[in-house]
>>> print(open('query-v4.txt').read())   # compact mmCIF, C-alpha atoms
# COMPACT_ATOMS: atom_id res chain seq x y z
CA MET A 1 0.00 0.00 0.00
CA SER A 2 1.45 3.34 -1.01
CA VAL A 3 1.93 6.22 1.37
CA THR A 4 -0.67 8.31 -0.51
CA ALA A 5 -3.36 5.63 -0.34
CA ARG A 6 -6.00 6.36 2.25
CA ALA A 7 -8.07 3.83 4.11
CA ARG A 8 -11.72 4.27 3.25
CA ARG A 9 -13.87 4.74 6.35
CA ILE A 10 -17.03 2.77 6.57
CA GLU A 11 -20.22 3.29 8.48
CA THR A 12 -19.79 2.20 12.10
CA TRP A 13 -22.92 3.70 13.57
CA PRO A 14 -25.84 1.27 13.67
CA GLY A 15 -29.14 3.05 13.28
CA GLU A 16 -32.24 2.38 15.31
CA TYR A 17 -34.66 0.22 13.36
CA ALA A 18 -37.79 2.30 13.14
CA GLY A 19 -39.96 -0.25 11.34
CA ARG A 20 -41.51 0.01 7.90
CA GLY A 21 -43.33 2.89 6.30
CA ALA A 22 -43.64 6.41 7.61
CA VAL A 23 -41.57 7.75 10.48
CA ALA A 24 -43.03 9.66 13.41
CA PRO A 25 -42.68 13.44 13.18
CA SER A 26 -39.43 14.95 14.34
CA ALA A 27 -39.02 15.57 18.06
CA LEU A 28 -36.54 18.40 17.52
CA ALA A 29 -37.38 21.68 19.26
CA GLY A 30 -36.52 25.14 18.06
CA PRO A 31 -35.68 26.42 14.61
CA LEU A 32 -34.29 23.99 12.05
CA TYR A 33 -30.93 24.92 10.57
CA MET A 34 -31.23 22.18 7.99
CA ASP A 35 -34.20 20.20 6.76
CA ALA A 36 -33.06 18.32 3.67
CA VAL A 37 -34.32 15.27 1.82
CA LEU A 38 -31.68 13.53 -0.28
CA ARG A 39 -32.65 11.23 -3.14
CA PRO A 40 -30.59 9.51 -5.83
CA ASN A 41 -30.78 11.16 -9.23
CA ARG A 42 -32.51 9.21 -11.99
CA SER A 43 -32.01 10.90 -15.35
CA LEU A 44 -34.52 8.79 -17.30
CA THR A 45 -38.15 9.63 -16.59
CA ASN A 46 -40.94 7.02 -16.85
CA PRO A 47 -42.22 8.24 -20.26
CA ALA A 48 -38.66 8.22 -21.60
CA PHE A 49 -38.16 4.70 -20.21
CA ILE A 50 -41.32 3.50 -21.98
CA ALA A 51 -40.17 5.11 -25.24
CA LEU A 52 -36.71 3.54 -24.91
CA MET A 53 -38.13 0.09 -24.22
CA ALA A 54 -40.59 0.41 -27.13
CA ALA A 55 -37.77 1.38 -29.50
CA LEU A 56 -35.52 -1.42 -28.23
CA THR A 57 -38.35 -3.95 -28.56
CA PHE A 58 -39.11 -2.78 -32.10
CA ILE A 59 -35.46 -2.96 -33.18
CA SER A 60 -34.94 -6.37 -31.58
CA PHE A 61 -38.16 -7.77 -33.05
CA THR A 62 -37.31 -6.43 -36.54
CA ALA A 63 -33.79 -7.86 -36.38
CA GLY A 64 -35.19 -11.15 -35.04
CA ILE A 65 -37.66 -11.44 -37.96
CA PHE A 66 -34.79 -10.80 -40.36
CA TYR A 67 -32.80 -13.68 -38.87
CA VAL A 68 -35.85 -15.99 -38.83
CA ALA A 69 -36.32 -15.25 -42.56
CA MET A 70 -32.70 -16.30 -43.11
CA GLY A 71 -33.34 -19.56 -41.26
CA ALA A 72 -31.58 -18.71 -37.98
CA TRP A 73 -34.73 -18.95 -35.85
CA PRO A 74 -32.97 -19.43 -32.44
CA VAL A 75 -31.55 -15.91 -32.68
CA ILE A 76 -34.95 -14.31 -32.00
CA GLY A 77 -34.89 -15.73 -28.46
CA PHE A 78 -31.60 -13.97 -27.76
CA PHE A 79 -33.05 -10.67 -28.96
CA GLY A 80 -35.98 -11.18 -26.58
CA LEU A 81 -33.59 -12.05 -23.76
CA ASP A 82 -31.64 -8.87 -24.50
CA VAL A 83 -34.79 -6.73 -24.11
CA LEU A 84 -35.72 -8.57 -20.91
CA LEU A 85 -32.27 -8.00 -19.36
CA VAL A 86 -32.31 -4.28 -20.19
CA TRP A 87 -35.82 -3.99 -18.67
CA GLY A 88 -34.64 -5.82 -15.52
CA ALA A 89 -31.59 -3.57 -15.13
CA PHE A 90 -33.75 -0.46 -15.33
CA ARG A 91 -36.25 -1.86 -12.83
CA LEU A 92 -33.42 -2.45 -10.34
CA SER A 93 -32.11 1.07 -10.96
CA TYR A 94 -35.54 2.62 -10.38
CA ARG A 95 -36.00 0.54 -7.23
CA SER A 96 -32.72 1.79 -5.76
CA GLY A 97 -33.85 5.31 -6.67
CA ARG A 98 -36.56 5.09 -4.01
CA LEU A 99 -33.90 5.38 -1.28
CA ARG A 100 -34.05 8.66 0.60
CA GLU A 101 -32.25 10.28 3.49
CA GLU A 102 -33.87 12.99 5.58
CA VAL A 103 -31.50 15.24 7.52
CA ARG A 104 -32.74 17.67 10.18
CA VAL A 105 -30.49 19.83 12.36
CA ALA A 106 -31.69 22.00 15.26
CA SER A 107 -29.92 23.38 18.32
CA THR A 108 -31.36 20.55 20.43
CA GLY A 109 -30.08 17.79 18.18
CA ALA A 110 -29.84 16.27 14.73
CA GLU A 111 -31.93 13.48 13.22
CA ILE A 112 -31.08 11.43 10.18
CA VAL A 113 -33.75 9.13 8.77
CA ARG A 114 -32.87 6.66 6.01
CA VAL A 115 -35.80 5.08 4.19
CA HIS A 116 -34.70 2.05 2.15
CA PRO A 117 -36.40 1.04 -1.12
CA ALA A 118 -38.16 -1.88 0.61
CA GLY A 119 -39.66 0.51 3.17
CA HIS A 120 -37.34 -0.22 6.10
CA VAL A 121 -36.59 2.90 8.11
CA GLN A 122 -33.44 3.61 10.12
CA LEU A 123 -33.06 6.54 12.50
CA TRP A 124 -29.95 8.21 13.92
CA ARG A 125 -29.80 10.98 16.50
CA ALA A 126 -26.80 13.12 17.35
CA ALA A 127 -26.01 16.08 19.59
CA PRO A 128 -24.48 18.99 17.63
CA ALA A 129 -22.01 19.70 20.45
CA LEU A 130 -20.61 16.17 20.28
CA SER A 131 -20.64 15.73 16.50
CA ARG A 132 -18.60 16.89 13.57
CA VAL A 133 -19.03 16.75 9.80
CA GLU A 134 -16.15 15.47 7.69
CA VAL A 135 -16.03 15.91 3.92
CA ASP A 136 -13.44 13.52 2.52
CA ARG A 137 -12.25 14.08 -1.07
CA PRO A 138 -15.37 16.04 -2.05
CA MET A 139 -14.68 16.30 -5.78
CA LYS A 140 -13.79 12.61 -6.22
CA HIS A 141 -16.40 10.01 -7.07
CA ASP A 142 -15.53 7.94 -4.00
CA GLY A 143 -15.61 10.96 -1.66
CA GLN A 144 -17.75 10.85 1.46
CA VAL A 145 -19.71 13.12 3.75
CA ARG A 146 -19.51 11.66 7.24
CA LEU A 147 -21.16 12.55 10.49
CA VAL A 148 -18.90 11.52 13.37
CA SER A 149 -20.20 11.43 16.92
CA SER A 150 -18.74 9.66 19.95
CA GLY A 151 -16.40 7.60 17.77
CA LYS A 152 -19.21 6.39 15.50
CA THR A 153 -19.37 7.23 11.80
CA LEU A 154 -22.39 7.66 9.54
CA VAL A 155 -21.94 8.14 5.78
CA LEU A 156 -24.52 10.48 4.25
CA GLY A 157 -25.49 11.12 0.62
CA SER A 158 -23.24 8.44 -0.85
CA PHE A 159 -25.38 8.48 -4.01
CA LEU A 160 -24.84 12.20 -4.69
CA SER A 161 -22.60 13.47 -7.47
CA PRO A 162 -19.25 14.99 -6.34
CA PRO A 163 -20.41 18.65 -6.67
CA GLU A 164 -23.69 17.86 -4.87
CA ARG A 165 -21.81 15.99 -2.15
CA GLU A 166 -19.42 18.90 -1.59
CA ALA A 167 -22.29 21.43 -1.39
CA PHE A 168 -24.27 19.19 0.96
CA GLY A 169 -21.25 18.59 3.21
CA ASP A 170 -20.52 22.31 3.42
CA ARG A 171 -24.16 23.14 4.19
CA LEU A 172 -24.39 20.37 6.80
CA GLY A 173 -21.22 21.63 8.49
CA GLU A 174 -22.65 25.17 8.55
CA ALA A 175 -25.91 23.88 10.05
CA PHE A 176 -24.02 22.12 12.85
CA LEU A 177 -22.00 25.29 13.56
CA GLN A 178 -25.18 27.38 13.71
CA ALA A 179 -26.86 24.85 16.01
CA ARG A 180 -23.84 24.82 18.32
CA SER A 181 -23.54 28.61 18.41
CA GLU A 182 -27.22 29.05 19.38
CA ARG A 183 -27.08 26.52 22.18
CA TRP A 184 -23.56 27.33 23.37
CA PRO A 185 -22.68 30.90 22.35
CA GLU A 186 -19.01 31.85 22.43
CA PRO A 187 -18.07 34.20 25.30
CA GLY A 188 -17.24 37.78 24.54
>>> encode(input="query-v4.txt", output="structure tokens")
Amino acid sequence: MSVTARARRIETWPGEYAGRGAVAPSALAGPLYMDAVLRPNRSLTNPAFIALMAALTFISFTAGIFYVAMGAWPVIGFFGLDVLLVWGAFRLSYRSGRLREEVRVASTGAEIVRVHPAGHVQLWRAAPALSRVEVDRPMKHDGQVRLVSSGKTLVLGSFLSPPEREAFGDRLGEAFLQARSERWPEPG
């Protein structure tokens, strides 16, 4: 391992299992310094997906008929399999796009709620005075925004693009500073 290689930190903070479905309203008191909902970006809308699949099906069916006319009838099954695999890949991508992270920061505390595509909900709570935000390699694809509290680490927004991750990390750090300064103002 080279000297410049850095060990990648992983999530070491187990969240409370909050069940399935909706989460109870936030118990944070006072003004919110951050109330963000993070979702993975999906660049292909549903109508565009239908149009893409229709075009792919048409092209595959036309090419398959051509090969059947030449006597290579087994080829049409591979064209159908090709369409089915592309459809399955998009379905998995859209399913993972239902992940969301809700981040709320107030002077009394911070709450992070992660709602998984299957509906499972995890909840983390942190005190702004005991927590810090680390933005590791913000403009790299493998960069991370981490919330560190009492030796535990939580990775946030791992699905964001590098510019989005950097902006989110900066804004989250500012929110924690504002929450700390309201609750524990600096003397002088």
>>> residues_around(input="query-v4.txt", residues="Val37 of chain A", least_positions_apart="2", cutoff="10 Å", atoms="all atoms listed in the file", output="PyMOL selection string")
chain A and resi 34-35+39+100-104+112-114+157
>>> closest_residue(input="query-v4.txt", among="A:Val121, A:Phe90, A:Pro162, A:Leu130", to="Gly109 of chain A", atoms="only C-alpha atoms")
A:Leu130
>>> residues_around(input="query-v4.txt", residues="Leu44 of chain A", least_positions_apart="3", cutoff="12 Å", atoms="all atoms listed in the file", output="PyMOL selection string")
chain A and resi 41+47-53+90-91+93-94+97
>>> write_last_selection(input="query-v4.txt", atoms="C-alpha atoms", output="PDB file, in the frame of the given file")
ATOM      1  CA  ASN A  41     -30.780  11.160  -9.230  1.00  0.00           C
ATOM      2  CA  PRO A  47     -42.220   8.240 -20.260  1.00  0.00           C
ATOM      3  CA  ALA A  48     -38.660   8.220 -21.600  1.00  0.00           C
ATOM      4  CA  PHE A  49     -38.160   4.700 -20.210  1.00  0.00           C
ATOM      5  CA  ILE A  50     -41.320   3.500 -21.980  1.00  0.00           C
ATOM      6  CA  ALA A  51     -40.170   5.110 -25.240  1.00  0.00           C
ATOM      7  CA  LEU A  52     -36.710   3.540 -24.910  1.00  0.00           C
ATOM      8  CA  MET A  53     -38.130   0.090 -24.220  1.00  0.00           C
ATOM      9  CA  PHE A  90     -33.750  -0.460 -15.330  1.00  0.00           C
ATOM     10  CA  ARG A  91     -36.250  -1.860 -12.830  1.00  0.00           C
ATOM     11  CA  SER A  93     -32.110   1.070 -10.960  1.00  0.00           C
ATOM     12  CA  TYR A  94     -35.540   2.620 -10.380  1.00  0.00           C
ATOM     13  CA  GLY A  97     -33.850   5.310  -6.670  1.00  0.00           C
TER      14      GLY A  97
END
>>> closest_residue(input="query-v4.txt", among="A:Ser149, A:Thr57, A:Ser96, A:Asn46", to="Ala126 of chain A", atoms="all atoms listed in the file")
A:Ser149
>>> residues_around(input="query-v4.txt", residues="Asp136 of chain A", least_positions_apart="3", cutoff="12 Å", atoms="all atoms listed in the file", output="compact mmCIF listing (two decimals) with C-alpha atoms, in the frame of the given file")
# COMPACT_ATOMS: atom_id res chain seq x y z
CA ARG A 6 -6.00 6.36 2.25
CA ALA A 7 -8.07 3.83 4.11
CA ARG A 8 -11.72 4.27 3.25
CA ARG A 9 -13.87 4.74 6.35
CA VAL A 133 -19.03 16.75 9.80
CA MET A 139 -14.68 16.30 -5.78
CA LYS A 140 -13.79 12.61 -6.22
CA HIS A 141 -16.40 10.01 -7.07
CA ASP A 142 -15.53 7.94 -4.00
CA GLY A 143 -15.61 10.96 -1.66
CA GLN A 144 -17.75 10.85 1.46
CA VAL A 145 -19.71 13.12 3.75
CA ARG A 146 -19.51 11.66 7.24
CA LEU A 147 -21.16 12.55 10.49
CA VAL A 155 -21.94 8.14 5.78
CA LEU A 156 -24.52 10.48 4.25
CA SER A 158 -23.24 8.44 -0.85
CA PRO A 162 -19.25 14.99 -6.34
CA ARG A 165 -21.81 15.99 -2.15
CA GLU A 166 -19.42 18.90 -1.59
CA GLY A 169 -21.25 18.59 3.21
CA ASP A 170 -20.52 22.31 3.42
>>> atom_distance(input="query-v4.txt", atom1="atom CA of Ala29 of chain A", atom2="atom CA of Pro117 of chain A")
29.0 Å
>>> closest_residue(input="query-v4.txt", among="A:Leu28, A:Leu38, A:Ala110, A:Ala63", to="Val75 of chain A", atoms="all atoms listed in the file")
A:Ala63
>>> residues_around(input="query-v4.txt", residues="Leu84 of chain A", least_positions_apart="3", cutoff="12 Å", atoms="only C-alpha atoms", output="VMD selection string")
chain A and resid 53 to 54 56 to 57 60 77 to 81 87 to 91
>>> decode(input="query-v4.txt", residues="segment 3-157 of chain A", atoms="C-alpha atoms", output="PDB file, in the first residue's frame")
ATOM      1  CA  VAL A   3       1.926   6.215   1.365  1.00  0.00           C
ATOM      2  CA  THR A   4      -0.672   8.307  -0.507  1.00  0.00           C
ATOM      3  CA  ALA A   5      -3.364   5.627  -0.344  1.00  0.00           C
ATOM      4  CA  ARG A   6      -6.002   6.356   2.252  1.00  0.00           C
ATOM      5  CA  ALA A   7      -8.072   3.833   4.107  1.00  0.00           C
ATOM      6  CA  ARG A   8     -11.718   4.266   3.248  1.00  0.00           C
ATOM      7  CA  ARG A   9     -13.866   4.740   6.346  1.00  0.00           C
ATOM      8  CA  ILE A  10     -17.035   2.774   6.572  1.00  0.00           C
ATOM      9  CA  GLU A  11     -20.223   3.295   8.481  1.00  0.00           C
ATOM     10  CA  THR A  12     -19.786   2.197  12.098  1.00  0.00           C
ATOM     11  CA  TRP A  13     -22.919   3.699  13.574  1.00  0.00           C
ATOM     12  CA  PRO A  14     -25.835   1.267  13.667  1.00  0.00           C
ATOM     13  CA  GLY A  15     -29.145   3.047  13.278  1.00  0.00           C
ATOM     14  CA  GLU A  16     -32.244   2.377  15.315  1.00  0.00           C
ATOM     15  CA  TYR A  17     -34.664   0.219  13.356  1.00  0.00           C
ATOM     16  CA  ALA A  18     -37.794   2.304  13.140  1.00  0.00           C
ATOM     17  CA  GLY A  19     -39.964  -0.251  11.340  1.00  0.00           C
ATOM     18  CA  ARG A  20     -41.512   0.010   7.900  1.00  0.00           C
ATOM     19  CA  GLY A  21     -43.326   2.886   6.299  1.00  0.00           C
ATOM     20  CA  ALA A  22     -43.638   6.406   7.613  1.00  0.00           C
ATOM     21  CA  VAL A  23     -41.567   7.751  10.485  1.00  0.00           C
ATOM     22  CA  ALA A  24     -43.028   9.662  13.408  1.00  0.00           C
ATOM     23  CA  PRO A  25     -42.681  13.441  13.183  1.00  0.00           C
ATOM     24  CA  SER A  26     -39.431  14.954  14.340  1.00  0.00           C
ATOM     25  CA  ALA A  27     -39.024  15.574  18.056  1.00  0.00           C
ATOM     26  CA  LEU A  28     -36.541  18.405  17.524  1.00  0.00           C
ATOM     27  CA  ALA A  29     -37.377  21.681  19.265  1.00  0.00           C
ATOM     28  CA  GLY A  30     -36.515  25.142  18.059  1.00  0.00           C
ATOM     29  CA  PRO A  31     -35.681  26.416  14.606  1.00  0.00           C
ATOM     30  CA  LEU A  32     -34.289  23.991  12.053  1.00  0.00           C
ATOM     31  CA  TYR A  33     -30.929  24.923  10.575  1.00  0.00           C
ATOM     32  CA  MET A  34     -31.227  22.185   7.987  1.00  0.00           C
ATOM     33  CA  ASP A  35     -34.198  20.204   6.756  1.00  0.00           C
ATOM     34  CA  ALA A  36     -33.065  18.321   3.668  1.00  0.00           C
ATOM     35  CA  VAL A  37     -34.321  15.267   1.824  1.00  0.00           C
ATOM     36  CA  LEU A  38     -31.677  13.531  -0.284  1.00  0.00           C
ATOM     37  CA  ARG A  39     -32.648  11.234  -3.142  1.00  0.00           C
ATOM     38  CA  PRO A  40     -30.585   9.515  -5.834  1.00  0.00           C
ATOM     39  CA  ASN A  41     -30.782  11.161  -9.230  1.00  0.00           C
ATOM     40  CA  ARG A  42     -32.508   9.207 -11.990  1.00  0.00           C
ATOM     41  CA  SER A  43     -32.012  10.902 -15.345  1.00  0.00           C
ATOM     42  CA  LEU A  44     -34.516   8.789 -17.297  1.00  0.00           C
ATOM     43  CA  THR A  45     -38.155   9.634 -16.590  1.00  0.00           C
ATOM     44  CA  ASN A  46     -40.936   7.019 -16.848  1.00  0.00           C
ATOM     45  CA  PRO A  47     -42.221   8.239 -20.256  1.00  0.00           C
ATOM     46  CA  ALA A  48     -38.660   8.217 -21.601  1.00  0.00           C
ATOM     47  CA  PHE A  49     -38.165   4.698 -20.212  1.00  0.00           C
ATOM     48  CA  ILE A  50     -41.321   3.496 -21.980  1.00  0.00           C
ATOM     49  CA  ALA A  51     -40.172   5.110 -25.237  1.00  0.00           C
ATOM     50  CA  LEU A  52     -36.710   3.540 -24.905  1.00  0.00           C
ATOM     51  CA  MET A  53     -38.131   0.088 -24.217  1.00  0.00           C
ATOM     52  CA  ALA A  54     -40.592   0.409 -27.130  1.00  0.00           C
ATOM     53  CA  ALA A  55     -37.769   1.383 -29.500  1.00  0.00           C
ATOM     54  CA  LEU A  56     -35.520  -1.418 -28.225  1.00  0.00           C
ATOM     55  CA  THR A  57     -38.350  -3.951 -28.560  1.00  0.00           C
ATOM     56  CA  PHE A  58     -39.112  -2.781 -32.104  1.00  0.00           C
ATOM     57  CA  ILE A  59     -35.460  -2.957 -33.177  1.00  0.00           C
ATOM     58  CA  SER A  60     -34.943  -6.369 -31.579  1.00  0.00           C
ATOM     59  CA  PHE A  61     -38.163  -7.766 -33.054  1.00  0.00           C
ATOM     60  CA  THR A  62     -37.314  -6.428 -36.541  1.00  0.00           C
ATOM     61  CA  ALA A  63     -33.792  -7.858 -36.383  1.00  0.00           C
ATOM     62  CA  GLY A  64     -35.188 -11.147 -35.045  1.00  0.00           C
ATOM     63  CA  ILE A  65     -37.661 -11.443 -37.958  1.00  0.00           C
ATOM     64  CA  PHE A  66     -34.786 -10.800 -40.365  1.00  0.00           C
ATOM     65  CA  TYR A  67     -32.796 -13.682 -38.869  1.00  0.00           C
ATOM     66  CA  VAL A  68     -35.849 -15.985 -38.832  1.00  0.00           C
ATOM     67  CA  ALA A  69     -36.319 -15.253 -42.559  1.00  0.00           C
ATOM     68  CA  MET A  70     -32.699 -16.300 -43.113  1.00  0.00           C
ATOM     69  CA  GLY A  71     -33.337 -19.559 -41.263  1.00  0.00           C
ATOM     70  CA  ALA A  72     -31.585 -18.707 -37.978  1.00  0.00           C
ATOM     71  CA  TRP A  73     -34.729 -18.950 -35.853  1.00  0.00           C
ATOM     72  CA  PRO A  74     -32.970 -19.435 -32.441  1.00  0.00           C
ATOM     73  CA  VAL A  75     -31.548 -15.908 -32.682  1.00  0.00           C
ATOM     74  CA  ILE A  76     -34.947 -14.308 -32.000  1.00  0.00           C
ATOM     75  CA  GLY A  77     -34.895 -15.727 -28.464  1.00  0.00           C
ATOM     76  CA  PHE A  78     -31.597 -13.970 -27.759  1.00  0.00           C
ATOM     77  CA  PHE A  79     -33.050 -10.671 -28.962  1.00  0.00           C
ATOM     78  CA  GLY A  80     -35.980 -11.184 -26.576  1.00  0.00           C
ATOM     79  CA  LEU A  81     -33.591 -12.045 -23.755  1.00  0.00           C
ATOM     80  CA  ASP A  82     -31.640  -8.869 -24.496  1.00  0.00           C
ATOM     81  CA  VAL A  83     -34.788  -6.734 -24.113  1.00  0.00           C
ATOM     82  CA  LEU A  84     -35.716  -8.566 -20.906  1.00  0.00           C
ATOM     83  CA  LEU A  85     -32.266  -7.999 -19.363  1.00  0.00           C
ATOM     84  CA  VAL A  86     -32.314  -4.276 -20.191  1.00  0.00           C
ATOM     85  CA  TRP A  87     -35.815  -3.986 -18.675  1.00  0.00           C
ATOM     86  CA  GLY A  88     -34.643  -5.819 -15.521  1.00  0.00           C
ATOM     87  CA  ALA A  89     -31.586  -3.570 -15.134  1.00  0.00           C
ATOM     88  CA  PHE A  90     -33.752  -0.461 -15.334  1.00  0.00           C
ATOM     89  CA  ARG A  91     -36.251  -1.865 -12.833  1.00  0.00           C
ATOM     90  CA  LEU A  92     -33.419  -2.446 -10.335  1.00  0.00           C
ATOM     91  CA  SER A  93     -32.115   1.065 -10.958  1.00  0.00           C
ATOM     92  CA  TYR A  94     -35.536   2.616 -10.385  1.00  0.00           C
ATOM     93  CA  ARG A  95     -36.000   0.537  -7.232  1.00  0.00           C
ATOM     94  CA  SER A  96     -32.716   1.791  -5.757  1.00  0.00           C
ATOM     95  CA  GLY A  97     -33.850   5.313  -6.670  1.00  0.00           C
ATOM     96  CA  ARG A  98     -36.565   5.089  -4.010  1.00  0.00           C
ATOM     97  CA  LEU A  99     -33.902   5.381  -1.275  1.00  0.00           C
ATOM     98  CA  ARG A 100     -34.049   8.661   0.598  1.00  0.00           C
ATOM     99  CA  GLU A 101     -32.247  10.282   3.491  1.00  0.00           C
ATOM    100  CA  GLU A 102     -33.870  12.991   5.585  1.00  0.00           C
ATOM    101  CA  VAL A 103     -31.495  15.236   7.525  1.00  0.00           C
ATOM    102  CA  ARG A 104     -32.739  17.674  10.181  1.00  0.00           C
ATOM    103  CA  VAL A 105     -30.490  19.827  12.362  1.00  0.00           C
ATOM    104  CA  ALA A 106     -31.687  21.998  15.259  1.00  0.00           C
ATOM    105  CA  SER A 107     -29.919  23.377  18.316  1.00  0.00           C
ATOM    106  CA  THR A 108     -31.362  20.552  20.433  1.00  0.00           C
ATOM    107  CA  GLY A 109     -30.082  17.787  18.185  1.00  0.00           C
ATOM    108  CA  ALA A 110     -29.838  16.267  14.733  1.00  0.00           C
ATOM    109  CA  GLU A 111     -31.927  13.481  13.222  1.00  0.00           C
ATOM    110  CA  ILE A 112     -31.077  11.433  10.176  1.00  0.00           C
ATOM    111  CA  VAL A 113     -33.746   9.129   8.769  1.00  0.00           C
ATOM    112  CA  ARG A 114     -32.866   6.664   6.009  1.00  0.00           C
ATOM    113  CA  VAL A 115     -35.802   5.076   4.193  1.00  0.00           C
ATOM    114  CA  HIS A 116     -34.697   2.054   2.146  1.00  0.00           C
ATOM    115  CA  PRO A 117     -36.402   1.036  -1.121  1.00  0.00           C
ATOM    116  CA  ALA A 118     -38.165  -1.883   0.607  1.00  0.00           C
ATOM    117  CA  GLY A 119     -39.661   0.511   3.169  1.00  0.00           C
ATOM    118  CA  HIS A 120     -37.340  -0.225   6.097  1.00  0.00           C
ATOM    119  CA  VAL A 121     -36.594   2.895   8.109  1.00  0.00           C
ATOM    120  CA  GLN A 122     -33.438   3.605  10.124  1.00  0.00           C
ATOM    121  CA  LEU A 123     -33.059   6.542  12.496  1.00  0.00           C
ATOM    122  CA  TRP A 124     -29.952   8.211  13.917  1.00  0.00           C
ATOM    123  CA  ARG A 125     -29.804  10.985  16.499  1.00  0.00           C
ATOM    124  CA  ALA A 126     -26.799  13.121  17.353  1.00  0.00           C
ATOM    125  CA  ALA A 127     -26.011  16.084  19.592  1.00  0.00           C
ATOM    126  CA  PRO A 128     -24.479  18.988  17.630  1.00  0.00           C
ATOM    127  CA  ALA A 129     -22.010  19.697  20.448  1.00  0.00           C
ATOM    128  CA  LEU A 130     -20.606  16.168  20.284  1.00  0.00           C
ATOM    129  CA  SER A 131     -20.643  15.729  16.502  1.00  0.00           C
ATOM    130  CA  ARG A 132     -18.598  16.891  13.570  1.00  0.00           C
ATOM    131  CA  VAL A 133     -19.027  16.750   9.805  1.00  0.00           C
ATOM    132  CA  GLU A 134     -16.146  15.471   7.695  1.00  0.00           C
ATOM    133  CA  VAL A 135     -16.032  15.905   3.918  1.00  0.00           C
ATOM    134  CA  ASP A 136     -13.444  13.522   2.522  1.00  0.00           C
ATOM    135  CA  ARG A 137     -12.250  14.076  -1.071  1.00  0.00           C
ATOM    136  CA  PRO A 138     -15.369  16.041  -2.048  1.00  0.00           C
ATOM    137  CA  MET A 139     -14.677  16.297  -5.781  1.00  0.00           C
ATOM    138  CA  LYS A 140     -13.793  12.612  -6.217  1.00  0.00           C
ATOM    139  CA  HIS A 141     -16.396  10.014  -7.072  1.00  0.00           C
ATOM    140  CA  ASP A 142     -15.531   7.941  -4.001  1.00  0.00           C
ATOM    141  CA  GLY A 143     -15.612  10.964  -1.662  1.00  0.00           C
ATOM    142  CA  GLN A 144     -17.746  10.851   1.460  1.00  0.00           C
ATOM    143  CA  VAL A 145     -19.705  13.124   3.754  1.00  0.00           C
ATOM    144  CA  ARG A 146     -19.506  11.658   7.244  1.00  0.00           C
ATOM    145  CA  LEU A 147     -21.164  12.547  10.494  1.00  0.00           C
ATOM    146  CA  VAL A 148     -18.901  11.519  13.366  1.00  0.00           C
ATOM    147  CA  SER A 149     -20.199  11.426  16.916  1.00  0.00           C
ATOM    148  CA  SER A 150     -18.737   9.659  19.948  1.00  0.00           C
ATOM    149  CA  GLY A 151     -16.397   7.599  17.767  1.00  0.00           C
ATOM    150  CA  LYS A 152     -19.213   6.393  15.499  1.00  0.00           C
ATOM    151  CA  THR A 153     -19.373   7.228  11.803  1.00  0.00           C
ATOM    152  CA  LEU A 154     -22.387   7.657   9.535  1.00  0.00           C
ATOM    153  CA  VAL A 155     -21.940   8.145   5.776  1.00  0.00           C
ATOM    154  CA  LEU A 156     -24.518  10.484   4.246  1.00  0.00           C
ATOM    155  CA  GLY A 157     -25.488  11.117   0.621  1.00  0.00           C
TER     156      GLY A 157
END
